[in-house]
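Inspection log for the structure reproduced underneath, given as structure tokens.
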Amino acid sequence: MAAAARLWMTSRCLLAGSRAWLSGVQRTRSWLQPAAARPYSSDGTVTVKFINRDGCTLVTEGKVGESLLDLVVEKNLDIDGFGACEGTLACSTCHLLFEDHIFQKLESVTDEEMDMLDLAYGLTETSRLGCQILLQPFMNGMTVRVPESVADVRQAMDMGKNS
């Protein structure tokens, strides 16, 4: 990667990180330690790393029982189009790619979620919808990827109605 491109990407990630920090992403002394080295927090919080479409890493904390969709919305993370249907299983914009060891511990996918995943771009063996995944203690320090492309199933449905 050329030096100018690396500088542009670094400044873009720093800007995205600044926006997230200003909108309430908590930064504490323990944040300086790798999340995997920290035990599950006694106050019921879990640290999550999102790798955005542009390669930027967004780090935040959420409460056990909170969905990944709610976490992104509440912390105002800069992930374009994420959760357009607000968790009603009517789109696939909260499609996320999980690490294998985390994916294996997730609850089974429902038929409704599978229907939406079938329409998602960049589907992988470890794909799930963030609106259906609730934070659990074993997820502390996990990294999830936002696929490079997004498909909003609602748009395809609307286009079908207009034809």
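Chain labels A, B, ... are given in the sequence in which chains occur in the structure tokens; within each chain residues are numbered consecutively from 1, and ligands are likewise numbered from 1 in the order shown.
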Neighbours of Ile133 of chain A within 9 Å (only C-alpha atoms; same-chain residues fewer than 4 positions away dropped), as a list in words? Gly65, Glu66, Ser67, Leu68, Leu69, Leu106, Glu107, Arg128 and Leu129 of chain A
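The environment of Met114 of chain A within 12 Å, counting only C-alpha atoms and disregarding residues fewer than 6 places along the same chain, consists of Leu89, Ala90, Cys91, Ser92, His95, Ser108, Ala120, Leu123, Glu125, Ser127, Arg128, Leu129 and Gln132 of chain A.
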Export, as a CSV table (one decimal), in the first residue's frame, the selected residues with all heavy atoms.
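Contents of the output file selection.csv:
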chain,number,residue,atom,x,y,z
A,89,LEU,N,-35.9,-8.4,11.8
A,89,LEU,CA,-35.6,-9.5,10.8
A,89,LEU,C,-36.2,-9.2,9.4
A,89,LEU,O,-36.8,-10.1,8.8
A,89,LEU,CB,-36.0,-10.8,11.4
A,89,LEU,CG,-35.0,-11.5,12.3
A,89,LEU,CD1,-35.6,-12.8,12.9
A,89,LEU,CD2,-33.8,-11.9,11.5
A,90,ALA,N,-36.2,-8.0,9.0
A,90,ALA,CA,-36.7,-7.6,7.7
A,90,ALA,C,-35.6,-7.2,6.7
A,90,ALA,O,-35.9,-6.7,5.6
A,90,ALA,CB,-37.8,-6.5,7.8
A,91,CYS,N,-34.4,-7.2,7.1
A,91,CYS,CA,-33.3,-6.9,6.2
A,91,CYS,C,-32.0,-7.7,6.7
A,91,CYS,O,-32.1,-8.5,7.6
A,91,CYS,CB,-33.0,-5.4,6.3
A,91,CYS,SG,-32.2,-4.8,7.8
A,92,SER,N,-30.9,-7.5,6.0
A,92,SER,CA,-29.7,-8.2,6.4
A,92,SER,C,-28.6,-7.2,6.6
A,92,SER,O,-27.4,-7.5,6.5
A,92,SER,CB,-29.3,-9.2,5.4
A,92,SER,OG,-29.1,-8.6,4.1
A,95,HIS,N,-25.6,-7.8,9.2
A,95,HIS,CA,-24.8,-9.0,8.9
A,95,HIS,C,-23.4,-8.8,9.4
A,95,HIS,O,-22.7,-7.8,9.1
A,95,HIS,CB,-24.8,-9.2,7.4
A,95,HIS,CG,-23.9,-10.4,6.9
A,95,HIS,ND1,-23.4,-10.4,5.7
A,95,HIS,CD2,-23.6,-11.5,7.5
A,95,HIS,CE1,-22.7,-11.5,5.5
A,95,HIS,NE2,-22.8,-12.2,6.6
A,108,SER,N,-28.2,-21.5,18.2
A,108,SER,CA,-28.6,-21.9,16.8
A,108,SER,C,-29.3,-20.8,16.1
A,108,SER,O,-30.1,-20.1,16.7
A,108,SER,CB,-29.5,-23.2,16.9
A,108,SER,OG,-28.8,-24.2,17.5
A,120,ALA,N,-28.0,-12.1,2.1
A,120,ALA,CA,-26.9,-11.2,2.5
A,120,ALA,C,-25.7,-11.4,1.5
A,120,ALA,O,-25.5,-12.5,1.0
A,120,ALA,CB,-26.5,-11.4,3.9
A,123,LEU,N,-21.8,-13.8,2.4
A,123,LEU,CA,-22.2,-14.8,3.4
A,123,LEU,C,-21.0,-15.8,3.5
A,123,LEU,O,-20.4,-16.2,2.6
A,123,LEU,CB,-23.4,-15.5,2.9
A,123,LEU,CG,-24.1,-16.4,3.9
A,123,LEU,CD1,-24.7,-15.6,5.0
A,123,LEU,CD2,-25.2,-17.2,3.2
A,125,GLU,N,-19.4,-19.1,6.4
A,125,GLU,CA,-19.8,-20.1,7.4
A,125,GLU,C,-20.0,-19.5,8.8
A,125,GLU,O,-20.7,-20.2,9.6
A,125,GLU,CB,-18.7,-21.2,7.4
A,125,GLU,CG,-18.6,-22.0,6.2
A,125,GLU,CD,-19.8,-22.9,5.9
A,125,GLU,OE1,-20.3,-23.5,6.9
A,125,GLU,OE2,-20.2,-23.0,4.7
A,127,SER,N,-21.3,-16.4,9.4
A,127,SER,CA,-22.2,-15.2,9.3
A,127,SER,C,-23.4,-15.3,10.2
A,127,SER,O,-24.0,-16.4,10.4
A,127,SER,CB,-22.7,-15.1,7.9
A,127,SER,OG,-21.7,-14.7,7.0
A,128,ARG,N,-23.7,-14.2,10.9
A,128,ARG,CA,-25.0,-14.1,11.7
A,128,ARG,C,-25.4,-12.7,11.6
A,128,ARG,O,-24.7,-11.8,11.2
A,128,ARG,CB,-24.7,-14.5,13.1
A,128,ARG,CG,-24.4,-15.9,13.4
A,128,ARG,CD,-25.5,-16.9,13.2
A,128,ARG,NE,-26.7,-16.6,14.0
A,128,ARG,CZ,-27.0,-17.2,15.1
A,128,ARG,NH1,-26.1,-18.1,15.6
A,128,ARG,NH2,-28.1,-16.9,15.8
A,129,LEU,N,-26.7,-12.4,12.0
A,129,LEU,CA,-27.2,-11.1,12.1
A,129,LEU,C,-27.0,-10.5,13.5
A,129,LEU,O,-27.4,-11.2,14.5
A,129,LEU,CB,-28.7,-11.1,11.7
A,129,LEU,CG,-29.0,-11.5,10.3
A,129,LEU,CD1,-30.5,-11.5,10.0
A,129,LEU,CD2,-28.3,-10.7,9.2
A,132,GLN,N,-29.7,-10.5,16.2
A,132,GLN,CA,-30.0,-11.8,16.8
A,132,GLN,C,-29.0,-12.3,17.8
A,132,GLN,O,-29.2,-13.3,18.5
A,132,GLN,CB,-30.3,-12.9,15.8
A,132,GLN,CG,-31.4,-12.5,14.8
A,132,GLN,CD,-32.7,-12.3,15.5
A,132,GLN,OE1,-33.2,-13.2,16.1
A,132,GLN,NE2,-33.2,-11.1,15.4
For each of A:Val144, A:Met139, A:Cys131, A:Leu71, take the minimum atom-to-atom distance to Gly83 of chain A, counting only C-alpha atoms, then give the residue where this is smallest. A:Cys131
Taking only segment 29-116 of chain A into account, list the residues labelled helix (DSSP H, G or I) by DSSP (computed from the backbone), as an mmCIF file with all heavy atoms, in the first residue's frame.
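The result, written out as part_29.cif:
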data_model
loop_
_atom_site.group_PDB
_atom_site.id
_atom_site.type_symbol
_atom_site.label_atom_id
_atom_site.label_comp_id
_atom_site.auth_asym_id
_atom_site.auth_seq_id
_atom_site.Cartn_x
_atom_site.Cartn_y
_atom_site.Cartn_z
ATOM 1 N N ARG A 29 -8.867 3.047 31.981
ATOM 2 C CA ARG A 29 -7.502 2.530 32.106
ATOM 3 C C ARG A 29 -7.429 1.087 31.624
ATOM 4 O O ARG A 29 -6.481 0.692 30.976
ATOM 5 C CB ARG A 29 -7.043 2.612 33.545
ATOM 6 C CG ARG A 29 -6.769 3.979 34.015
ATOM 7 C CD ARG A 29 -6.138 3.878 35.372
ATOM 8 N NE ARG A 29 -4.720 3.968 35.177
ATOM 9 C CZ ARG A 29 -3.975 4.967 35.632
ATOM 10 N NH1 ARG A 29 -4.486 5.889 36.328
ATOM 11 N NH2 ARG A 29 -2.708 5.025 35.401
ATOM 12 N N SER A 30 -8.439 0.296 31.965
ATOM 13 C CA SER A 30 -8.412 -1.109 31.558
ATOM 14 C C SER A 30 -8.528 -1.249 30.049
ATOM 15 O O SER A 30 -8.178 -2.275 29.492
ATOM 16 C CB SER A 30 -9.533 -1.893 32.248
ATOM 17 O OG SER A 30 -10.783 -1.419 31.830
ATOM 18 N N TRP A 31 -9.017 -0.219 29.367
ATOM 19 C CA TRP A 31 -9.135 -0.256 27.920
ATOM 20 C C TRP A 31 -7.769 -0.371 27.264
ATOM 21 O O TRP A 31 -7.629 -0.878 26.172
ATOM 22 C CB TRP A 31 -9.858 1.001 27.438
ATOM 23 C CG TRP A 31 -10.188 0.968 25.999
ATOM 24 C CD1 TRP A 31 -11.197 0.278 25.415
ATOM 25 C CD2 TRP A 31 -9.499 1.624 24.944
ATOM 26 N NE1 TRP A 31 -11.191 0.471 24.066
ATOM 27 C CE2 TRP A 31 -10.163 1.300 23.743
ATOM 28 C CE3 TRP A 31 -8.403 2.462 24.871
ATOM 29 C CZ2 TRP A 31 -9.756 1.782 22.525
ATOM 30 C CZ3 TRP A 31 -7.999 2.938 23.652
ATOM 31 C CH2 TRP A 31 -8.675 2.600 22.497
ATOM 32 N N LEU A 32 -6.724 0.074 27.974
ATOM 33 C CA LEU A 32 -5.380 0.018 27.422
ATOM 34 C C LEU A 32 -4.843 -1.409 27.373
ATOM 35 O O LEU A 32 -3.945 -1.708 26.615
ATOM 36 C CB LEU A 32 -4.433 0.902 28.242
ATOM 37 C CG LEU A 32 -4.794 2.385 28.274
ATOM 38 C CD1 LEU A 32 -3.874 3.119 29.235
ATOM 39 C CD2 LEU A 32 -4.723 2.996 26.892
ATOM 40 N N ALA A 35 -8.229 -6.740 25.371
ATOM 41 C CA ALA A 35 -9.498 -7.199 25.927
ATOM 42 C C ALA A 35 -9.430 -8.666 26.335
ATOM 43 O O ALA A 35 -10.010 -9.068 27.335
ATOM 44 C CB ALA A 35 -10.626 -6.986 24.919
ATOM 45 N N ALA A 36 -8.711 -9.479 25.569
ATOM 46 C CA ALA A 36 -8.641 -10.900 25.883
ATOM 47 C C ALA A 36 -7.926 -11.137 27.210
ATOM 48 O O ALA A 36 -8.165 -12.125 27.887
ATOM 49 C CB ALA A 36 -7.931 -11.653 24.766
ATOM 50 N N ALA A 37 -7.049 -10.203 27.614
ATOM 51 C CA ALA A 37 -6.316 -10.356 28.863
ATOM 52 C C ALA A 37 -7.177 -9.969 30.063
ATOM 53 O O ALA A 37 -6.863 -10.325 31.186
ATOM 54 C CB ALA A 37 -5.060 -9.488 28.832
ATOM 55 N N LEU A 68 -25.978 -7.024 19.544
ATOM 56 C CA LEU A 68 -24.922 -6.290 18.849
ATOM 57 C C LEU A 68 -25.500 -5.112 18.068
ATOM 58 O O LEU A 68 -24.871 -4.065 17.959
ATOM 59 C CB LEU A 68 -24.134 -7.222 17.935
ATOM 60 C CG LEU A 68 -23.228 -8.207 18.679
ATOM 61 C CD1 LEU A 68 -22.610 -9.201 17.710
ATOM 62 C CD2 LEU A 68 -22.152 -7.478 19.458
ATOM 63 N N LEU A 69 -26.707 -5.269 17.546
ATOM 64 C CA LEU A 69 -27.368 -4.160 16.862
ATOM 65 C C LEU A 69 -27.589 -3.006 17.828
ATOM 66 O O LEU A 69 -27.258 -1.853 17.525
ATOM 67 C CB LEU A 69 -28.700 -4.603 16.260
ATOM 68 C CG LEU A 69 -29.584 -3.481 15.724
ATOM 69 C CD1 LEU A 69 -28.914 -2.745 14.577
ATOM 70 C CD2 LEU A 69 -30.936 -4.016 15.300
ATOM 71 N N ASP A 70 -28.140 -3.295 19.007
ATOM 72 C CA ASP A 70 -28.368 -2.244 20.005
ATOM 73 C C ASP A 70 -27.068 -1.564 20.395
ATOM 74 O O ASP A 70 -27.020 -0.351 20.573
ATOM 75 C CB ASP A 70 -29.042 -2.819 21.249
ATOM 76 C CG ASP A 70 -30.476 -3.247 20.995
ATOM 77 O OD1 ASP A 70 -31.081 -2.784 20.003
ATOM 78 O OD2 ASP A 70 -30.990 -4.069 21.780
ATOM 79 N N LEU A 71 -26.002 -2.342 20.523
ATOM 80 C CA LEU A 71 -24.699 -1.798 20.887
ATOM 81 C C LEU A 71 -24.219 -0.789 19.844
ATOM 82 O O LEU A 71 -23.794 0.319 20.189
ATOM 83 C CB LEU A 71 -23.689 -2.942 21.032
ATOM 84 C CG LEU A 71 -22.285 -2.564 21.451
ATOM 85 C CD1 LEU A 71 -22.269 -1.916 22.826
ATOM 86 C CD2 LEU A 71 -21.391 -3.799 21.429
ATOM 87 N N VAL A 72 -24.314 -1.142 18.578
ATOM 88 C CA VAL A 72 -23.877 -0.245 17.499
ATOM 89 C C VAL A 72 -24.706 1.044 17.506
ATOM 90 O O VAL A 72 -24.170 2.143 17.397
ATOM 91 C CB VAL A 72 -23.965 -0.939 16.118
ATOM 92 C CG1 VAL A 72 -23.798 0.046 14.978
ATOM 93 C CG2 VAL A 72 -22.927 -2.050 16.028
ATOM 94 N N VAL A 73 -26.016 0.914 17.680
ATOM 95 C CA VAL A 73 -26.901 2.078 17.660
ATOM 96 C C VAL A 73 -26.674 2.962 18.890
ATOM 97 O O VAL A 73 -26.504 4.176 18.769
ATOM 98 C CB VAL A 73 -28.383 1.627 17.564
ATOM 99 C CG1 VAL A 73 -29.322 2.798 17.768
ATOM 100 C CG2 VAL A 73 -28.637 0.952 16.224
ATOM 101 N N GLU A 74 -26.645 2.352 20.083
ATOM 102 C CA GLU A 74 -26.496 3.125 21.315
ATOM 103 C C GLU A 74 -25.155 3.832 21.406
ATOM 104 O O GLU A 74 -25.067 4.930 21.942
ATOM 105 C CB GLU A 74 -26.697 2.228 22.532
ATOM 106 C CG GLU A 74 -28.142 1.833 22.733
ATOM 107 C CD GLU A 74 -28.328 0.806 23.831
ATOM 108 O OE1 GLU A 74 -27.397 0.603 24.651
ATOM 109 O OE2 GLU A 74 -29.408 0.197 23.870
ATOM 110 N N ASP A 100 -14.275 -18.069 14.435
ATOM 111 C CA ASP A 100 -14.742 -19.457 14.549
ATOM 112 C C ASP A 100 -15.049 -19.854 15.982
ATOM 113 O O ASP A 100 -16.096 -20.439 16.260
ATOM 114 C CB ASP A 100 -13.711 -20.431 13.972
ATOM 115 C CG ASP A 100 -13.662 -20.397 12.461
ATOM 116 O OD1 ASP A 100 -14.694 -20.075 11.837
ATOM 117 O OD2 ASP A 100 -12.591 -20.702 11.896
ATOM 118 N N HIS A 101 -14.136 -19.551 16.917
ATOM 119 C CA HIS A 101 -14.319 -20.005 18.293
ATOM 120 C C HIS A 101 -15.519 -19.340 18.970
ATOM 121 O O HIS A 101 -16.130 -19.934 19.854
ATOM 122 C CB HIS A 101 -13.041 -19.813 19.122
ATOM 123 C CG HIS A 101 -12.695 -18.394 19.405
ATOM 124 N ND1 HIS A 101 -12.075 -17.582 18.478
ATOM 125 C CD2 HIS A 101 -12.890 -17.637 20.507
ATOM 126 C CE1 HIS A 101 -11.893 -16.384 19.006
ATOM 127 N NE2 HIS A 101 -12.383 -16.384 20.234
ATOM 128 N N ILE A 102 -15.886 -18.152 18.542
ATOM 129 C CA ILE A 102 -17.078 -17.484 19.074
ATOM 130 C C ILE A 102 -18.316 -18.055 18.386
ATOM 131 O O ILE A 102 -19.310 -18.393 19.036
ATOM 132 C CB ILE A 102 -17.007 -15.951 18.871
ATOM 133 C CG1 ILE A 102 -15.834 -15.346 19.641
ATOM 134 C CG2 ILE A 102 -18.328 -15.293 19.230
ATOM 135 C CD1 ILE A 102 -15.975 -15.383 21.147
ATOM 136 N N PHE A 103 -18.260 -18.190 17.070
ATOM 137 C CA PHE A 103 -19.404 -18.683 16.296
ATOM 138 C C PHE A 103 -19.881 -20.041 16.809
ATOM 139 O O PHE A 103 -21.081 -20.290 16.899
ATOM 140 C CB PHE A 103 -19.030 -18.774 14.813
ATOM 141 C CG PHE A 103 -20.164 -19.218 13.942
ATOM 142 C CD1 PHE A 103 -21.123 -18.308 13.528
ATOM 143 C CD2 PHE A 103 -20.286 -20.539 13.557
ATOM 144 C CE1 PHE A 103 -22.186 -18.719 12.732
ATOM 145 C CE2 PHE A 103 -21.342 -20.950 12.762
ATOM 146 C CZ PHE A 103 -22.291 -20.041 12.350
ATOM 147 N N ASP A 111 -34.947 -20.160 11.634
ATOM 148 C CA ASP A 111 -35.324 -20.189 10.222
ATOM 149 C C ASP A 111 -35.467 -18.779 9.665
ATOM 150 O O ASP A 111 -35.069 -18.504 8.532
ATOM 151 C CB ASP A 111 -36.635 -20.958 10.023
ATOM 152 C CG ASP A 111 -36.472 -22.451 10.265
ATOM 153 O OD1 ASP A 111 -35.325 -22.953 10.191
ATOM 154 O OD2 ASP A 111 -37.491 -23.112 10.532
ATOM 155 N N GLU A 112 -36.044 -17.870 10.467
ATOM 156 C CA GLU A 112 -36.240 -16.485 10.005
ATOM 157 C C GLU A 112 -34.905 -15.800 9.756
ATOM 158 O O GLU A 112 -34.727 -15.097 8.759
ATOM 159 C CB GLU A 112 -37.055 -15.683 11.034
ATOM 160 C CG GLU A 112 -38.482 -16.148 11.213
ATOM 161 C CD GLU A 112 -38.605 -17.327 12.191
ATOM 162 O OE1 GLU A 112 -37.604 -17.716 12.849
ATOM 163 O OE2 GLU A 112 -39.715 -17.875 12.285
ATOM 164 N N GLU A 113 -33.942 -16.001 10.669
ATOM 165 C CA GLU A 113 -32.623 -15.403 10.476
ATOM 166 C C GLU A 113 -31.944 -16.013 9.256
ATOM 167 O O GLU A 113 -31.326 -15.299 8.461
ATOM 168 C CB GLU A 113 -31.757 -15.589 11.731
ATOM 169 C CG GLU A 113 -30.382 -14.958 11.587
ATOM 170 C CD GLU A 113 -29.485 -15.157 12.789
ATOM 171 O OE1 GLU A 113 -29.911 -15.813 13.776
ATOM 172 O OE2 GLU A 113 -28.339 -14.670 12.733
ATOM 173 N N MET A 114 -32.065 -17.313 9.078
ATOM 174 C CA MET A 114 -31.455 -17.988 7.932
ATOM 175 C C MET A 114 -32.020 -17.444 6.622
ATOM 176 O O MET A 114 -31.274 -17.248 5.660
ATOM 177 C CB MET A 114 -31.659 -19.505 8.016
ATOM 178 C CG MET A 114 -30.902 -20.264 6.952
ATOM 179 S SD MET A 114 -29.123 -19.970 6.979
ATOM 180 C CE MET A 114 -28.651 -20.941 8.376
ATOM 181 N N ASP A 115 -33.317 -17.164 6.586
ATOM 182 C CA ASP A 115 -33.931 -16.590 5.383
ATOM 183 C C ASP A 115 -33.288 -15.249 5.024
ATOM 184 O O ASP A 115 -33.031 -14.971 3.855
ATOM 185 C CB ASP A 115 -35.438 -16.406 5.572
ATOM 186 C CG ASP A 115 -36.193 -17.729 5.582
ATOM 187 O OD1 ASP A 115 -35.617 -18.757 5.154
ATOM 188 O OD2 ASP A 115 -37.359 -17.725 6.036
ATOM 189 N N MET A 116 -33.036 -14.415 6.040
ATOM 190 C CA MET A 116 -32.406 -13.111 5.791
ATOM 191 C C MET A 116 -30.934 -13.285 5.423
ATOM 192 O O MET A 116 -30.431 -12.602 4.533
ATOM 193 C CB MET A 116 -32.536 -12.206 7.013
ATOM 194 C CG MET A 116 -33.929 -11.682 7.273
ATOM 195 S SD MET A 116 -34.552 -10.627 5.934
ATOM 196 C CE MET A 116 -35.737 -11.728 5.164
#
For the atom pair atom CA of Cys85 of chain A and atom CA of Glu148 of chain A, what is the interatomic distance in Å to one decimal place? 19.1 Å
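Taking atom CA of Leu97 of chain A and atom CA of Val46 of chain A as the two end points, the separation is 17.9 Å.
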Neighbouring residues of segment 49-51 of chain A were defined as those with any atom within 9 Å, considering only C-alpha atoms; residues of the same chain fewer than 2 positions away were excluded. Please report them as a list of chain:residue names. A:Thr47, A:Arg53, A:Asp54, A:Gly55, A:Cys56, A:Thr57, A:Leu58, A:Val59, A:Thr60, A:Glu61, A:Gly141, A:Met142, A:Thr143, A:Val144, A:Arg145, A:Val146, A:Pro147
Go ahead and write the selection's residues with N, CA and C atoms as a compact mmCIF listing (two decimals), in the first residue's frame.
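Output saved as part23.txt:
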# COMPACT_ATOMS: atom_id res chain seq x y z
N THR A 47 -16.33 -6.28 26.20
CA THR A 47 -15.65 -5.47 25.20
C THR A 47 -15.75 -6.15 23.84
N ARG A 53 -16.19 -1.90 7.32
CA ARG A 53 -15.97 -2.16 5.88
C ARG A 53 -14.70 -1.52 5.37
N ASP A 54 -14.35 -0.35 5.91
CA ASP A 54 -13.18 0.39 5.44
C ASP A 54 -11.90 -0.05 6.13
N GLY A 55 -11.97 -1.08 6.99
CA GLY A 55 -10.79 -1.58 7.68
C GLY A 55 -10.54 -0.95 9.03
N CYS A 56 -11.30 0.07 9.39
CA CYS A 56 -11.13 0.71 10.69
C CYS A 56 -11.66 -0.19 11.80
N THR A 57 -11.00 -0.15 12.94
CA THR A 57 -11.43 -0.93 14.10
C THR A 57 -12.11 -0.02 15.10
N LEU A 58 -13.31 -0.38 15.49
CA LEU A 58 -14.08 0.36 16.48
C LEU A 58 -14.22 -0.52 17.71
N VAL A 59 -13.78 -0.03 18.86
CA VAL A 59 -13.82 -0.80 20.10
C VAL A 59 -14.82 -0.14 21.04
N THR A 60 -15.70 -0.96 21.62
CA THR A 60 -16.70 -0.44 22.54
C THR A 60 -17.06 -1.50 23.57
N GLU A 61 -17.85 -1.12 24.53
CA GLU A 61 -18.32 -2.04 25.56
C GLU A 61 -19.83 -2.04 25.60
N GLY A 141 -13.87 -9.45 24.49
CA GLY A 141 -12.67 -9.34 23.67
C GLY A 141 -12.83 -9.84 22.25
N MET A 142 -14.02 -10.26 21.86
CA MET A 142 -14.21 -10.81 20.51
C MET A 142 -14.08 -9.72 19.45
N THR A 143 -13.74 -10.17 18.26
CA THR A 143 -13.67 -9.29 17.09
C THR A 143 -14.70 -9.78 16.09
N VAL A 144 -15.52 -8.87 15.59
CA VAL A 144 -16.47 -9.19 14.53
C VAL A 144 -16.19 -8.28 13.34
N ARG A 145 -16.38 -8.83 12.15
CA ARG A 145 -16.16 -8.07 10.91
C ARG A 145 -17.48 -7.68 10.28
N VAL A 146 -17.53 -6.47 9.76
CA VAL A 146 -18.66 -6.02 8.97
C VAL A 146 -18.30 -6.35 7.52
N PRO A 147 -19.14 -7.13 6.80
CA PRO A 147 -18.81 -7.48 5.41
C PRO A 147 -18.61 -6.23 4.55
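The shortest atom-to-atom distance to Gly130 of chain A, with only C-alpha atoms taken into account, belongs to A:Cys94 out of A:Asp118, A:Ser149, A:Lys105, A:Cys94.
Counting only C-alpha atoms, the residue from A:Gly87, A:Phe82, A:Asn76, A:Thr126 that sits nearest to Glu99 of chain A is A:Thr126.
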Find the residue from A:Phe138, A:Asn52, A:Gly122, A:Val64 that sits nearest to Gln104 of chain A; use only C-alpha atoms when measuring. A:Phe138
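Going from atom CA of Asp43 of chain A to atom CA of Lys63 of chain A covers 8.3 Å.
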